[in-house]
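S.K.: The structure file start.csv (CSV, C-alpha atoms and all ligand atoms) is provided below.
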```csv
chain,number,residue,atom,x,y,z
A,118,MET,CA,0.0,0.0,0.0
A,119,PRO,CA,2.3,2.8,-1.1
A,120,VAL,CA,1.4,6.3,0.2
A,121,PRO,CA,1.9,8.8,-2.5
A,122,ILE,CA,3.7,11.9,-1.4
A,123,GLU,CA,1.3,14.2,-3.3
A,124,ASN,CA,-1.4,13.1,-0.8
A,125,ALA,CA,0.5,14.5,2.0
A,126,GLY,CA,1.4,17.7,0.2
A,127,LEU,CA,4.9,17.5,1.6
A,128,LYS,CA,8.1,18.2,-0.3
A,129,CYS,CA,11.2,18.9,1.7
A,130,ALA,CA,12.7,16.6,4.3
A,131,VAL,CA,15.7,17.2,6.7
A,132,VAL,CA,17.3,13.9,7.8
A,133,SER,CA,19.9,13.8,10.6
A,134,GLY,CA,22.4,11.0,10.4
A,135,ALA,CA,22.0,10.9,6.6
A,136,ALA,CA,25.4,9.2,6.0
A,137,GLY,CA,24.5,6.3,8.3
A,138,PHE,CA,23.2,2.8,7.4
A,139,VAL,CA,19.4,3.2,7.9
A,140,PRO,CA,19.2,6.9,7.3
A,141,SER,CA,20.9,6.7,3.9
A,142,HIS,CA,18.3,4.2,2.8
A,143,MET,CA,15.6,6.5,4.1
A,144,CYS,CA,17.1,9.4,2.1
A,145,ASP,CA,16.9,7.1,-1.0
A,146,ARG,CA,13.2,6.4,-0.3
A,147,LEU,CA,12.3,10.0,0.3
A,148,LEU,CA,14.0,11.0,-2.9
A,149,ALA,CA,12.2,8.2,-4.8
A,150,GLU,CA,8.9,9.5,-3.4
A,151,GLY,CA,9.6,12.9,-5.0
A,152,CYS,CA,11.0,14.7,-1.9
A,153,LYS,CA,13.9,17.2,-1.7
A,154,VAL,CA,16.2,15.9,1.0
A,155,ILE,CA,18.7,17.8,3.1
A,156,GLY,CA,21.0,15.4,4.9
A,157,LEU,CA,22.9,16.3,8.1
A,158,ASP,CA,25.7,14.2,9.5
A,159,ASN,CA,28.9,14.8,11.5
A,160,LEU,CA,30.3,11.4,10.2
A,161,LEU,CA,30.9,10.1,13.8
A,162,THR,CA,29.8,6.6,12.9
A,163,GLY,CA,28.6,7.1,9.3
A,164,THR,CA,30.5,7.5,6.1
A,165,GLU,CA,30.0,9.6,2.9
A,166,ARG,CA,30.3,6.3,0.9
A,167,ASN,CA,26.7,5.6,1.9
A,168,ILE,CA,25.5,8.6,0.1
A,169,GLU,CA,28.1,8.7,-2.7
A,170,HIS,CA,25.5,7.6,-5.2
A,171,LEU,CA,23.4,10.7,-4.4
A,172,ARG,CA,26.2,13.1,-5.4
A,173,GLY,CA,25.0,15.2,-8.3
A,174,ASN,CA,21.3,14.5,-7.5
A,175,ALA,CA,19.7,18.0,-7.6
A,176,ASN,CA,17.2,17.1,-5.0
A,177,PHE,CA,19.8,16.0,-2.4
A,178,GLU,CA,22.0,18.2,-0.4
A,179,PHE,CA,24.6,17.0,2.2
A,180,ARG,CA,25.8,19.1,5.1
A,181,LEU,CA,28.6,18.2,7.4
A,182,GLN,CA,26.8,19.1,10.6
A,183,ASP,CA,26.8,18.0,14.2
A,184,VAL,CA,23.1,18.3,15.2
A,185,THR,CA,23.9,18.9,18.8
A,186,GLU,CA,25.3,22.2,17.7
A,187,PRO,CA,23.2,25.2,16.5
A,188,PHE,CA,22.4,25.2,12.8
A,189,GLU,CA,19.9,26.9,10.5
A,190,ILE,CA,17.9,25.5,7.5
A,191,PRO,CA,16.5,28.2,5.2
A,192,GLY,CA,13.1,27.9,3.4
A,193,THR,CA,10.2,25.5,3.8
A,194,VAL,CA,10.6,22.2,5.6
A,195,ASP,CA,7.9,19.6,5.7
A,196,PHE,CA,9.5,16.6,7.3
A,197,VAL,CA,12.1,16.5,10.1
A,198,LEU,CA,13.6,13.0,10.7
A,199,HIS,CA,15.9,12.7,13.7
A,200,MET,CA,17.9,9.6,12.9
A,201,ALA,CA,21.4,10.7,14.1
A,202,SER,CA,22.8,8.5,16.9
A,203,PRO,CA,25.5,5.9,17.3
A,204,ALA,CA,23.5,2.7,17.2
A,205,SER,CA,25.7,-0.4,17.5
A,206,PRO,CA,26.8,-1.4,21.0
A,207,LYS,CA,30.4,-1.1,20.0
A,208,ASP,CA,29.9,2.5,18.8
A,209,TYR,CA,27.8,3.7,21.7
A,210,LEU,CA,30.2,2.2,24.2
A,211,GLU,CA,33.0,4.0,22.5
A,212,TYR,CA,31.0,7.3,22.3
A,213,PRO,CA,28.7,7.3,25.4
A,214,ILE,CA,28.6,11.1,25.9
A,215,GLU,CA,28.1,11.8,22.2
A,216,THR,CA,25.3,9.2,22.2
A,217,LEU,CA,23.5,10.9,25.2
A,218,ASP,CA,24.0,14.3,23.4
A,219,ALA,CA,22.5,13.0,20.2
A,220,GLY,CA,19.4,11.8,22.0
A,221,SER,CA,19.1,14.9,24.2
A,222,LEU,CA,20.6,18.0,22.6
A,223,GLY,CA,20.3,16.6,19.1
A,224,THR,CA,16.6,15.7,19.6
A,225,ARG,CA,15.9,19.2,21.0
A,226,ARG,CA,17.5,20.9,18.0
A,227,MET,CA,15.7,18.8,15.5
A,228,LEU,CA,12.4,19.3,17.4
A,229,GLU,CA,12.9,23.0,17.4
A,230,LEU,CA,13.5,22.9,13.7
A,231,ALA,CA,10.2,21.0,13.2
A,232,ARG,CA,8.4,23.5,15.5
A,233,SER,CA,9.8,26.6,13.8
A,234,LYS,CA,8.9,25.2,10.3
A,235,GLY,CA,5.5,23.6,11.2
A,236,ALA,CA,7.0,20.3,10.0
A,237,LYS,CA,6.1,16.8,10.9
A,238,PHE,CA,8.8,15.2,13.2
A,239,LEU,CA,9.8,11.6,13.3
A,240,LEU,CA,12.2,10.1,15.9
A,241,THR,CA,13.9,6.8,15.3
A,242,SER,CA,13.9,5.2,18.7
A,243,THR,CA,14.7,1.7,19.5
A,244,SER,CA,13.7,-1.7,21.0
A,245,GLU,CA,16.4,-0.9,23.6
A,246,THR,CA,13.9,1.3,25.3
A,247,TYR,CA,12.5,-2.1,26.6
A,248,GLY,CA,15.9,-3.0,28.0
A,249,ASP,CA,16.1,-6.7,28.9
A,250,PRO,CA,12.4,-7.3,28.6
A,251,THR,CA,10.3,-9.3,31.0
A,252,VAL,CA,7.3,-9.1,28.6
A,253,HIS,CA,7.6,-11.2,25.5
A,254,PRO,CA,7.0,-10.3,22.6
A,255,GLN,CA,7.4,-6.6,23.3
A,256,VAL,CA,4.3,-4.5,22.9
A,257,GLU,CA,4.4,-0.7,22.8
A,258,THR,CA,2.5,-0.4,26.1
A,259,TYR,CA,5.3,-2.2,27.9
A,260,TRP,CA,7.4,0.3,29.9
A,261,GLY,CA,10.6,-1.8,29.8
A,262,ASN,CA,13.3,-3.1,32.1
A,263,VAL,CA,16.3,-0.8,31.8
A,264,ASN,CA,19.4,-0.5,33.9
A,265,PRO,CA,19.8,3.3,34.1
A,266,VAL,CA,23.5,3.1,35.1
A,267,GLY,CA,24.7,0.0,33.2
A,268,PRO,CA,27.1,0.2,30.1
A,269,ARG,CA,24.1,0.3,27.7
A,270,SER,CA,22.3,3.0,29.6
A,271,CYS,CA,24.0,5.8,27.5
A,272,TYR,CA,21.9,4.5,24.5
A,273,ASP,CA,18.8,3.2,26.2
A,274,GLU,CA,18.3,6.3,28.4
A,275,SER,CA,19.2,8.7,25.6
A,276,LYS,CA,16.4,7.2,23.5
A,277,ARG,CA,14.0,7.1,26.4
A,278,PHE,CA,14.7,10.8,27.0
A,279,ALA,CA,14.3,11.5,23.3
A,280,GLU,CA,10.9,9.9,23.4
A,281,ALA,CA,9.9,11.9,26.4
A,282,LEU,CA,11.1,15.1,24.8
A,283,THR,CA,9.2,14.3,21.6
A,284,MET,CA,6.0,13.7,23.6
A,285,ALA,CA,6.6,17.0,25.5
A,286,TYR,CA,7.0,19.0,22.2
A,287,HIS,CA,3.8,17.4,21.0
A,288,ARG,CA,1.8,18.1,24.1
A,289,ALA,CA,3.3,21.5,25.1
A,290,ARG,CA,4.2,23.0,21.7
A,291,GLY,CA,1.7,21.3,19.4
A,292,VAL,CA,4.3,19.8,17.1
A,293,ARG,CA,3.1,16.9,15.0
A,294,THR,CA,5.4,14.0,16.0
A,295,GLY,CA,5.9,10.3,15.6
A,296,ILE,CA,8.1,7.7,17.3
A,297,ALA,CA,9.4,4.5,15.7
A,298,ARG,CA,10.7,1.8,18.0
A,299,ILE,CA,13.1,0.0,15.6
A,300,PHE,CA,14.1,-3.6,16.3
A,301,ASN,CA,17.4,-5.2,14.9
A,302,THR,CA,17.7,-4.2,11.3
A,303,TYR,CA,20.3,-5.3,8.8
A,304,GLY,CA,21.3,-4.9,5.1
A,305,PRO,CA,23.8,-3.3,2.8
A,306,ARG,CA,25.7,-0.2,4.1
A,307,MET,CA,26.2,-1.6,7.6
A,308,LYS,CA,29.8,-1.2,8.6
A,309,LEU,CA,31.7,-4.5,8.5
A,310,ASN,CA,33.5,-3.6,11.8
A,311,ASP,CA,30.6,-2.0,13.7
A,312,GLY,CA,30.4,-5.1,16.0
A,313,ARG,CA,26.8,-5.9,15.4
A,314,VAL,CA,26.0,-9.6,15.0
A,315,VAL,CA,25.1,-9.5,11.3
A,316,PRO,CA,28.3,-7.9,9.9
A,317,ALA,CA,30.4,-9.6,12.6
A,318,PHE,CA,29.2,-13.1,11.6
A,319,VAL,CA,29.3,-12.5,7.9
A,320,ASP,CA,32.8,-11.1,8.1
A,321,LYS,CA,34.1,-14.2,10.0
A,322,ALA,CA,32.2,-16.6,7.7
A,323,LEU,CA,33.5,-15.1,4.5
A,324,LYS,CA,37.0,-15.4,5.9
A,325,GLY,CA,36.3,-19.0,7.0
A,326,GLU,CA,37.0,-18.1,10.6
A,327,PRO,CA,34.9,-19.0,13.6
A,328,MET,CA,31.9,-16.8,14.2
A,329,THR,CA,32.1,-15.0,17.6
A,330,VAL,CA,29.1,-16.1,19.7
A,331,PHE,CA,28.7,-14.1,22.9
A,332,GLY,CA,27.5,-16.3,25.8
A,333,ASP,CA,25.9,-19.7,25.0
A,334,GLY,CA,24.1,-18.2,22.0
A,335,SER,CA,20.6,-18.9,23.5
A,336,GLN,CA,19.7,-15.2,23.5
A,337,THR,CA,17.2,-14.3,20.8
A,338,ARG,CA,16.8,-11.5,18.3
A,339,SER,CA,14.4,-10.8,15.3
A,340,PHE,CA,16.1,-9.4,12.2
A,341,CYS,CA,14.4,-7.0,9.8
A,342,TYR,CA,15.6,-6.2,6.3
A,343,VAL,CA,16.3,-2.5,5.8
A,344,SER,CA,13.9,-2.0,2.9
A,345,ASP,CA,11.0,-3.3,5.0
A,346,LEU,CA,12.0,-1.0,7.9
A,347,VAL,CA,12.3,2.0,5.6
A,348,ASP,CA,8.8,1.3,4.2
A,349,GLY,CA,7.4,1.2,7.8
A,350,LEU,CA,9.2,4.5,8.7
A,351,TYR,CA,7.8,6.2,5.6
A,352,ARG,CA,4.2,5.1,6.4
A,353,LEU,CA,4.6,6.2,10.0
A,354,LEU,CA,5.9,9.6,8.8
A,355,LEU,CA,2.7,10.1,6.9
A,356,SER,CA,0.4,8.8,9.6
A,357,ASN,CA,-1.1,10.8,12.5
A,358,GLU,CA,0.0,8.3,15.2
A,359,VAL,CA,1.8,10.1,18.1
A,360,PHE,CA,2.6,7.2,20.4
A,361,PRO,CA,5.4,4.8,19.7
A,362,VAL,CA,5.1,2.1,17.0
A,363,ASN,CA,7.2,-1.0,16.9
A,364,LEU,CA,8.9,-1.7,13.5
A,365,GLY,CA,10.7,-5.0,13.1
A,366,ASN,CA,10.4,-8.5,11.8
A,367,PRO,CA,8.7,-10.8,14.3
A,368,ARG,CA,10.6,-14.0,13.2
A,369,GLU,CA,12.7,-14.7,16.2
A,370,MET,CA,15.7,-17.0,16.5
A,371,THR,CA,18.6,-17.7,18.9
A,372,ILE,CA,22.0,-16.3,18.0
A,373,LEU,CA,23.3,-19.9,17.6
A,374,GLU,CA,20.5,-20.5,15.0
A,375,PHE,CA,21.5,-17.3,13.3
A,376,ALA,CA,25.1,-18.5,13.1
A,377,LYS,CA,23.9,-21.8,11.5
A,378,THR,CA,21.9,-19.9,8.9
A,379,ILE,CA,25.0,-17.8,7.9
A,380,GLU,CA,27.1,-21.0,7.8
A,381,GLN,CA,24.7,-22.6,5.4
A,382,MET,CA,24.5,-19.4,3.2
A,383,THR,CA,28.2,-18.9,3.0
A,384,GLY,CA,29.4,-22.5,3.1
A,385,SER,CA,31.8,-21.5,5.9
A,386,ARG,CA,33.4,-24.3,7.8
A,387,GLY,CA,34.8,-22.0,10.5
A,388,GLY,CA,32.2,-23.0,13.1
A,389,VAL,CA,31.7,-20.8,16.2
A,390,VAL,CA,33.8,-19.7,19.1
A,391,HIS,CA,32.2,-18.5,22.4
A,392,TYR,CA,33.1,-15.3,24.2
A,393,ALA,CA,31.6,-13.8,27.4
A,394,LEU,CA,28.2,-12.3,27.2
A,395,PRO,CA,28.3,-8.5,27.4
A,396,GLU,CA,26.8,-7.0,30.6
A,397,ASP,CA,23.0,-6.4,30.3
A,398,ASP,CA,22.8,-8.1,26.9
A,399,PRO,CA,19.0,-8.6,26.5
A,400,LYS,CA,18.1,-12.3,26.6
A,401,GLN,CA,15.1,-12.1,24.3
A,402,ARG,CA,13.7,-9.7,21.7
A,403,ARG,CA,10.8,-9.9,19.4
A,404,PRO,CA,8.5,-7.1,18.3
A,405,ASP,CA,4.7,-7.4,18.6
A,406,ILE,CA,3.8,-5.5,15.3
A,407,THR,CA,0.0,-5.7,15.6
A,408,LYS,CA,-0.1,-1.9,15.9
A,409,ALA,CA,2.0,-1.2,12.7
A,410,ARG,CA,0.0,-3.8,10.8
A,411,THR,CA,-3.3,-2.4,11.8
A,412,LEU,CA,-2.5,1.3,11.8
A,413,LEU,CA,0.0,1.5,8.8
A,414,GLY,CA,-1.0,-1.6,6.8
A,415,TRP,CA,2.7,-2.5,7.2
A,416,ASN,CA,4.1,-6.0,7.1
A,417,PRO,CA,7.7,-7.0,6.6
A,418,ALA,CA,8.0,-8.8,3.2
A,419,VAL,CA,11.6,-9.8,2.9
A,420,THR,CA,12.5,-13.2,4.3
A,421,LEU,CA,15.7,-13.6,6.3
A,422,GLU,CA,17.2,-15.9,3.7
A,423,GLU,CA,16.5,-13.3,0.9
A,424,GLY,CA,17.7,-10.3,2.9
A,425,MET,CA,20.8,-12.1,4.0
A,426,ARG,CA,21.6,-13.0,0.4
A,427,TYR,CA,21.6,-9.3,-0.6
A,428,THR,CA,23.6,-8.5,2.6
A,429,VAL,CA,26.3,-11.2,2.1
A,430,GLU,CA,26.6,-10.1,-1.6
A,431,TYR,CA,27.2,-6.5,-0.4
A,432,PHE,CA,29.9,-7.6,2.0
A,433,ARG,CA,31.5,-9.8,-0.6
A,434,GLN,CA,31.9,-6.9,-3.0
A,435,LEU,CA,33.4,-4.5,-0.4
A,436,PRO,CA,37.1,-3.6,-1.2
A,437,LEU,CA,39.4,-5.5,1.1
B,1,LIG,P1,24.5,4.5,12.0
B,1,LIG,O1,25.6,4.7,13.0
B,1,LIG,O2,24.9,3.8,10.7
B,1,LIG,O3,23.9,5.9,11.6
B,1,LIG,C1,23.8,7.0,12.5
B,1,LIG,C2,24.3,8.2,11.8
B,1,LIG,O4,24.2,9.3,12.7
B,1,LIG,C3,25.8,8.1,11.5
B,1,LIG,O5,26.0,8.5,10.1
B,1,LIG,C4,26.5,9.1,12.4
B,1,LIG,O6,27.7,9.7,11.8
B,1,LIG,C5,25.4,10.1,12.6
B,1,LIG,N1,25.5,10.9,13.8
B,1,LIG,C6,25.7,10.5,15.1
B,1,LIG,N2,25.7,11.6,16.0
B,1,LIG,C7,25.5,12.7,15.2
B,1,LIG,C8,25.4,14.1,15.5
B,1,LIG,N3,25.5,14.5,16.8
B,1,LIG,N4,25.1,14.9,14.5
B,1,LIG,C9,25.0,14.5,13.2
B,1,LIG,N5,25.1,13.2,12.9
B,1,LIG,C10,25.4,12.3,13.9
B,1,LIG,O7,23.3,3.7,12.7
B,1,LIG,P2,22.0,3.1,12.1
B,1,LIG,O8,22.0,1.6,12.5
B,1,LIG,O9,21.8,3.4,10.7
B,1,LIG,O10,20.9,3.8,13.0
B,1,LIG,C11,20.2,4.9,12.6
B,1,LIG,C12,19.1,5.3,13.6
B,1,LIG,O11,18.2,4.2,13.7
B,1,LIG,C13,19.7,5.6,15.0
B,1,LIG,O12,18.9,6.7,15.5
B,1,LIG,C14,19.5,4.3,15.7
B,1,LIG,O13,19.3,4.6,17.1
B,1,LIG,C15,18.2,3.8,15.1
B,1,LIG,N6,18.0,2.4,15.2
B,1,LIG,C16,18.7,1.5,14.4
B,1,LIG,C17,18.6,0.1,14.6
B,1,LIG,C18,19.3,-0.8,13.7
B,1,LIG,O14,19.1,-2.1,13.9
B,1,LIG,N7,20.0,-0.4,12.7
B,1,LIG,C19,17.8,-0.4,15.6
B,1,LIG,C20,17.1,0.5,16.5
B,1,LIG,C21,17.3,1.9,16.3
B,2,LIG,N1,26.5,-11.0,19.3
B,2,LIG,C1,27.3,-12.1,19.2
B,2,LIG,N2,28.5,-12.0,18.6
B,2,LIG,C2,28.9,-10.8,18.0
B,2,LIG,C3,28.1,-9.7,18.1
B,2,LIG,C4,26.9,-9.8,18.8
B,2,LIG,O1,27.0,-13.2,19.8
B,2,LIG,O2,30.0,-10.8,17.4
B,2,LIG,C5,25.2,-11.1,20.0
B,2,LIG,C6,25.0,-10.0,21.1
B,2,LIG,O3,25.5,-10.4,22.3
B,2,LIG,C7,23.5,-9.9,21.1
B,2,LIG,C8,23.0,-10.2,19.7
B,2,LIG,O4,24.2,-10.9,19.1
B,2,LIG,O5,22.9,-10.9,22.0
B,2,LIG,C9,22.7,-9.0,18.9
B,2,LIG,O6,23.8,-8.1,19.0
B,2,LIG,P1,23.9,-6.7,18.2
B,2,LIG,O7,25.1,-6.0,18.7
B,2,LIG,O8,23.8,-7.0,16.8
B,2,LIG,O9,22.6,-5.9,18.6
B,2,LIG,P2,21.8,-5.7,20.0
B,2,LIG,O10,20.5,-6.4,19.8
B,2,LIG,O11,22.6,-6.3,21.1
B,2,LIG,O12,21.7,-4.2,20.1
```
So that I can check it, write out the structure of this file as structure tokens.
Ligand code: NAD
Ligand code: UDP
M.R.:
Amino acid sequence: MPVPIENAGLKCAVVSGAAGFVPSHMCDRLLAEGCKVIGLDNLLTGTERNIEHLRGNANFEFRLQDVTEPFEIPGTVDFVLHMASPASPKDYLEYPIETLDAGSLGTRRMLELARSKGAKFLLTSTSETYGDPTVHPQVETYWGNVNPVGPRSCYDESKRFAEALTMAYHRARGVRTGIARIFNTYGPRMKLNDGRVVPAFVDKALKGEPMTVFGDGSQTRSFCYVSDLVDGLYRLLLSNEVFPVNLGNPREMTILEFAKTIEQMTGSRGGVVHYALPEDDPKQRRPDITKARTLLGWNPAVTLEEGMRYTVEYFRQLPL
């Protein structure tokens, strides 16, 4: 059910984090829908390679900009998407202060931009707001089980604060806002060395080395292909829903099962090697997507096997 941009009467989008993995795909989608896109990024964890194909596109403008610092965007803006934040555990453990700043100061500046332009605001929040969940699968009404002072708290609490700030701007300033709670997403343009399980396992498997399973591998995750996620984000952007909406693929598997899938797909004989489980690593994660299905008519369409084929192909082609 594509939602034509003409129906919304919206034309210009400002996307923070545009040189990152998911945001660069979102820029592609917005451009394909006929939008002009202004992408902001300080390249903390992203790379201009992700938007290289957009160089020369008259509807795309890139600005090297830290969104925690003051900035101005002239002219009309219809959409403001705040997607800037370190997102992999390795990245946010390396940049805890920057992560908290992106969720707090960065969210504030992007909300102010939306308010001053009368634009629709969308926040890319995360399933990490549920922490190590005691309710399974996770439904949006669950308030979560988060350690506020643990190593992951810089990310979890930054996003929880960002959600609270977004709701405050909606309630107190009348800004039209939306909040996506994104579950583990994968696909081309992920960094090979960002430490997340998809690139980490593919990297090892392609080298024929053992895949690095943390703990006994019984913890579960549910993996969503990036084009499905972007479709959900786009639908949410055009909807009137203010409260958080889960976006993710509900097919759940253990990390050991995921390693087996990669082994079969790549033909790797490296096997697995076990390392200690990181502190506060969530034991289970699966989105309840009833709300997105009902409200947005959204359903993930790409199977794990198909999505992983595209992803493995992407990593195979990367220069060594
Ligand atoms: P990413 O690291 O590839 O992209 C984030 C981008 O934000 C990077 O290009 C980085 O340079 C930029 N950035 C960081 N701080 C900035 C700042 N202060 N100013 C300007 N730019 C800044 O990560 P991603 O996986 O593409 O995640 C994108 C968004 O989606 C994040 O908000 C993340 O929290 C959210 N999310 C992603 C996933 C996932 O599985 N990929 C899951 C949940 C939520
Ligand atoms: N993981 C793993 N080996 C790796 C990287 C991650 O076993 O090399 C595990 C990690 O402990 C977690 C799951 O895979 O249980 C997903 O990790 P990721 O960093 O991709 O995302 P998270 O869901 O933890 O944010």
S.K.: Enumerate residues in contact with ligand LIG 1 (chain B): an atom-to-atom distance of at most 7 Å, counting all atoms listed in the file. Format the result as a PyMOL selection string.
M.R.: chain A and resi 133-140+157-164+182-185+199-205+215-216+218-219+223+241-244+298-303+307
S.K.: If we count only C-alpha atoms, what is near Asn174 in chain A at a cut-off of 12 Å, once residues fewer than 4 positions away on the same chain are taken out, given as a ChimeraX atom specification?
M.R.: /A:144-145,148-149,152-155,168-170,178-179
S.K.: Produce as JSON, numbers by chain the set of residues near ligand LIG 2 (chain B), where near means within 6 Å with all atoms listed in the file considered.
M.R.: {"A": [205, 206, 301, 312, 313, 314, 317, 329, 330, 331, 336, 372, 394, 398]}
S.K.: Show which residues sit within 6 Å of Gly220 in chain A, as a PyMOL selection string. Count only C-alpha atoms, and ignore same-chain residues fewer than 3 positions away.
M.R.: chain A and resi 217+223-224+275-276+279
S.K.: So, with all atoms listed in the file as the atoms that count, which of A:Pro417, A:Gly235, A:Gly267, A:Gly365 lies closest to Gly248 in chain A?
M.R.: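 The shortest atom-to-atom distance to Gly248 in chain A comes from A:Gly267.
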S.K.: Using all atoms listed in the file, determine which residues lie at most 10 Å from Arg386 in chain A, disregarding the query and same-chain residues fewer than 4 positions distant; provide the list as a compact mmCIF listing (two decimals) with C-alpha atoms, in the frame of the given file.
M.R.:
```
# COMPACT_ATOMS: atom_id res chain seq x y z
CA ALA A 322 32.20 -16.60 7.70
CA LEU A 323 33.50 -15.10 4.50
CA LYS A 324 37.00 -15.40 5.90
CA GLY A 325 36.30 -19.00 7.00
CA GLU A 326 37.00 -18.10 10.60
CA PRO A 327 34.90 -19.00 13.60
CA MET A 328 31.90 -16.80 14.20
CA GLU A 380 27.10 -21.00 7.80
CA GLN A 381 24.70 -22.60 5.40
```
S.K.: Looking at all atoms listed in the file, which of A:Gly295, A:Gly332, A:Gly173, A:Pro191 is the one that sits closest to Asp397 in chain A?
M.R.: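 Once distances to Asp397 in chain A are computed over all atoms listed in the file, the minimum belongs to A:Gly332.
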